[in-house]
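**Student:** Structure file structure_22.cif (mmCIF, C-alpha atoms) is given on the next line.
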data_structure
loop_
_atom_site.label_atom_id
_atom_site.label_comp_id
_atom_site.auth_asym_id
_atom_site.auth_seq_id
_atom_site.Cartn_x
_atom_site.Cartn_y
_atom_site.Cartn_z
CA MET A 236 -70.13 -17.93 -13.03
CA ILE A 237 -70.99 -21.22 -11.44
CA SER A 238 -73.34 -21.89 -8.56
CA ASP A 239 -72.10 -22.23 -5.04
CA ALA A 240 -73.07 -25.89 -4.86
CA GLU A 241 -71.26 -26.64 -8.14
CA TRP A 242 -68.11 -24.83 -6.97
CA ARG A 243 -68.12 -26.79 -3.69
CA ALA A 244 -68.57 -30.05 -5.62
CA LYS A 245 -65.54 -29.33 -7.78
CA TYR A 246 -63.15 -27.43 -5.50
CA GLY A 247 -64.35 -27.30 -1.91
CA SER A 248 -65.55 -29.57 0.76
CA PRO A 249 -69.00 -31.01 0.11
CA LYS A 250 -70.31 -29.83 3.45
CA PRO A 251 -69.66 -26.30 4.79
CA ARG A 252 -67.69 -26.28 8.04
CA GLN A 253 -69.28 -24.91 11.17
CA LYS A 254 -67.70 -21.69 12.33
CA GLY A 255 -66.90 -21.23 15.98
CA PRO A 256 -67.43 -18.08 18.05
CA LEU A 257 -65.48 -15.00 17.11
CA ILE A 258 -62.70 -14.39 19.61
CA VAL A 259 -60.90 -11.09 19.72
CA CYS A 260 -57.60 -11.07 21.60
CA ASN A 261 -56.06 -7.71 22.32
CA HIS A 262 -52.44 -7.72 23.30
CA PHE A 263 -51.79 -5.74 26.46
CA ASP A 264 -48.44 -5.66 28.23
CA ALA A 265 -48.68 -5.28 31.98
CA PHE A 266 -46.88 -2.25 33.41
CA GLU A 267 -46.47 -0.36 36.65
CA SER A 268 -48.51 2.82 36.95
CA PRO A 269 -46.13 5.78 37.34
CA VAL A 270 -48.67 7.58 39.55
CA THR A 271 -49.96 4.88 41.92
CA GLY A 272 -47.29 2.20 41.57
CA ASN A 273 -49.96 -0.47 40.97
CA VAL A 274 -49.43 -3.10 38.29
CA ILE A 275 -51.86 -2.54 35.40
CA ASN A 276 -52.80 -5.82 33.69
CA ASN A 277 -55.57 -4.82 31.25
CA LYS A 278 -57.36 -1.89 29.64
CA ARG A 279 -60.08 -1.73 32.29
CA GLU A 280 -57.50 -1.36 35.05
CA HIS A 281 -55.68 1.26 32.97
CA GLU A 282 -58.87 3.32 32.46
CA TYR A 283 -59.70 3.05 36.18
CA ASP A 284 -56.18 4.14 37.13
CA LEU A 285 -56.36 7.16 34.83
CA HIS A 286 -59.82 8.14 36.07
CA SER A 287 -59.06 7.65 39.78
CA THR A 288 -55.88 9.75 39.65
CA GLY A 289 -57.17 12.43 37.28
CA SER A 290 -54.50 11.53 34.74
CA ARG A 291 -54.48 11.36 30.95
CA THR A 292 -52.49 9.40 28.42
CA TYR A 293 -49.64 11.35 26.83
CA GLU A 294 -50.61 12.58 23.35
CA GLY A 295 -47.60 14.66 22.38
CA ARG A 296 -46.29 18.09 23.37
CA GLU A 297 -48.73 20.12 21.26
CA GLN A 298 -51.80 18.40 22.71
CA GLU A 299 -50.40 18.62 26.24
CA GLU A 300 -49.89 22.38 25.84
CA LYS A 301 -53.49 22.75 24.66
CA GLU A 302 -54.75 20.80 27.67
CA ALA A 303 -52.58 22.86 30.02
CA ALA A 304 -53.95 26.09 28.54
CA LYS A 305 -57.50 24.76 28.85
CA TRP A 306 -56.90 23.83 32.51
CA GLN A 307 -55.37 27.25 33.23
CA ALA A 308 -58.37 29.00 31.63
CA GLU A 309 -60.75 26.94 33.79
CA GLN A 310 -58.79 27.85 36.92
CA GLU A 311 -58.88 31.56 36.03
CA ARG A 312 -62.60 31.36 35.28
CA ASP A 313 -63.23 29.70 38.66
CA LEU A 314 -61.17 32.38 40.42
CA GLU A 315 -63.13 35.17 38.68
CA ARG A 316 -66.44 33.56 39.71
CA SER A 317 -65.22 33.28 43.30
CA ILE A 318 -64.11 36.93 43.37
CA ASP A 319 -67.42 38.09 41.84
CA HIS A 320 -69.42 36.07 44.37
CA THR A 321 -67.36 37.40 47.29
CA LEU A 322 -67.66 41.01 46.11
CA HIS A 323 -71.43 40.77 45.70
CA GLU A 324 -71.77 39.08 49.08
CA THR A 325 -69.57 41.69 50.80
CA TRP A 326 -71.41 44.58 49.14
CA HIS A 327 -74.73 43.13 50.27
CA GLU A 328 -73.46 42.81 53.85
CA ILE A 329 -72.14 46.40 53.84
CA GLU A 330 -75.34 47.74 52.31
CA HIS A 331 -77.56 46.09 54.92
CA GLY A 332 -75.29 46.68 57.91
CA TYR A 333 -74.40 43.03 58.52
CA ARG A 334 -71.23 42.20 60.35
CA ASN A 335 -69.64 39.11 61.84
CA VAL A 336 -69.93 38.99 65.60
CA GLU A 337 -67.70 36.45 67.27
#
Before anything else, please render the file you have as structure tokens.
**Tutor:**
Amino acid sequence: MISDAEWRAKYGSPKPRQKGPLIVCNHFDAFESPVTGNVINNKREHEYDLHSTGSRTYEGREQEEKEAAKWQAEQERDLERSIDHTLHETWHEIEHGYRNVE
């Protein structure tokens, strides 16, 4: 083992070079959104497009089937809640003699 200064004296530059800022460049190919038809130029626009249209990125058939089943279960749950609410409301109206007069 030799010291850092000794190594620099023998093999490296005598003065350490200044490092510039770290720059990260992500490659992103622009494309046309299949839903809106807008040209998507970067990740932020892509995320906005997905969020504004209620879309998701394609993750394969198995994952898509899981998401479809999840969405269907949510729809059924919402329908059941709506039916329960309507039944309770109607029963209350019948029990207390309410009726719609138009």
**Student:** I would like the residues chosen by the PyMOL selection byres ((chain A and resi 273-290) around 12) on the shown file; could you give them as a list in words?
**Tutor:**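 After applying the PyMOL selection byres ((chain A and resi 273-290) around 12), what remains is Cys260, Asn261, His262, Phe263, Asp264, Ala265, Phe266, Glu267, Ser268, Pro269, Val270, Thr271, Gly272, Arg291, Thr292, Tyr293, Glu299 and Glu302 of chain A.
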**Student:** Figure out the distance between CA of Lys301 (chain A) and CA of Ile318 (chain A), please, to one decimal in Å.
**Tutor:**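 Between CA of Ile318 (chain A) and CA of Lys301 (chain A) the gap works out to 25.8 Å.
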**Student:** Between CA of Glu297 (chain A) and CA of Gln310 (chain A), what is the distance, to one decimal in Å?
**Tutor:**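 So the answer is 20.2 Å.
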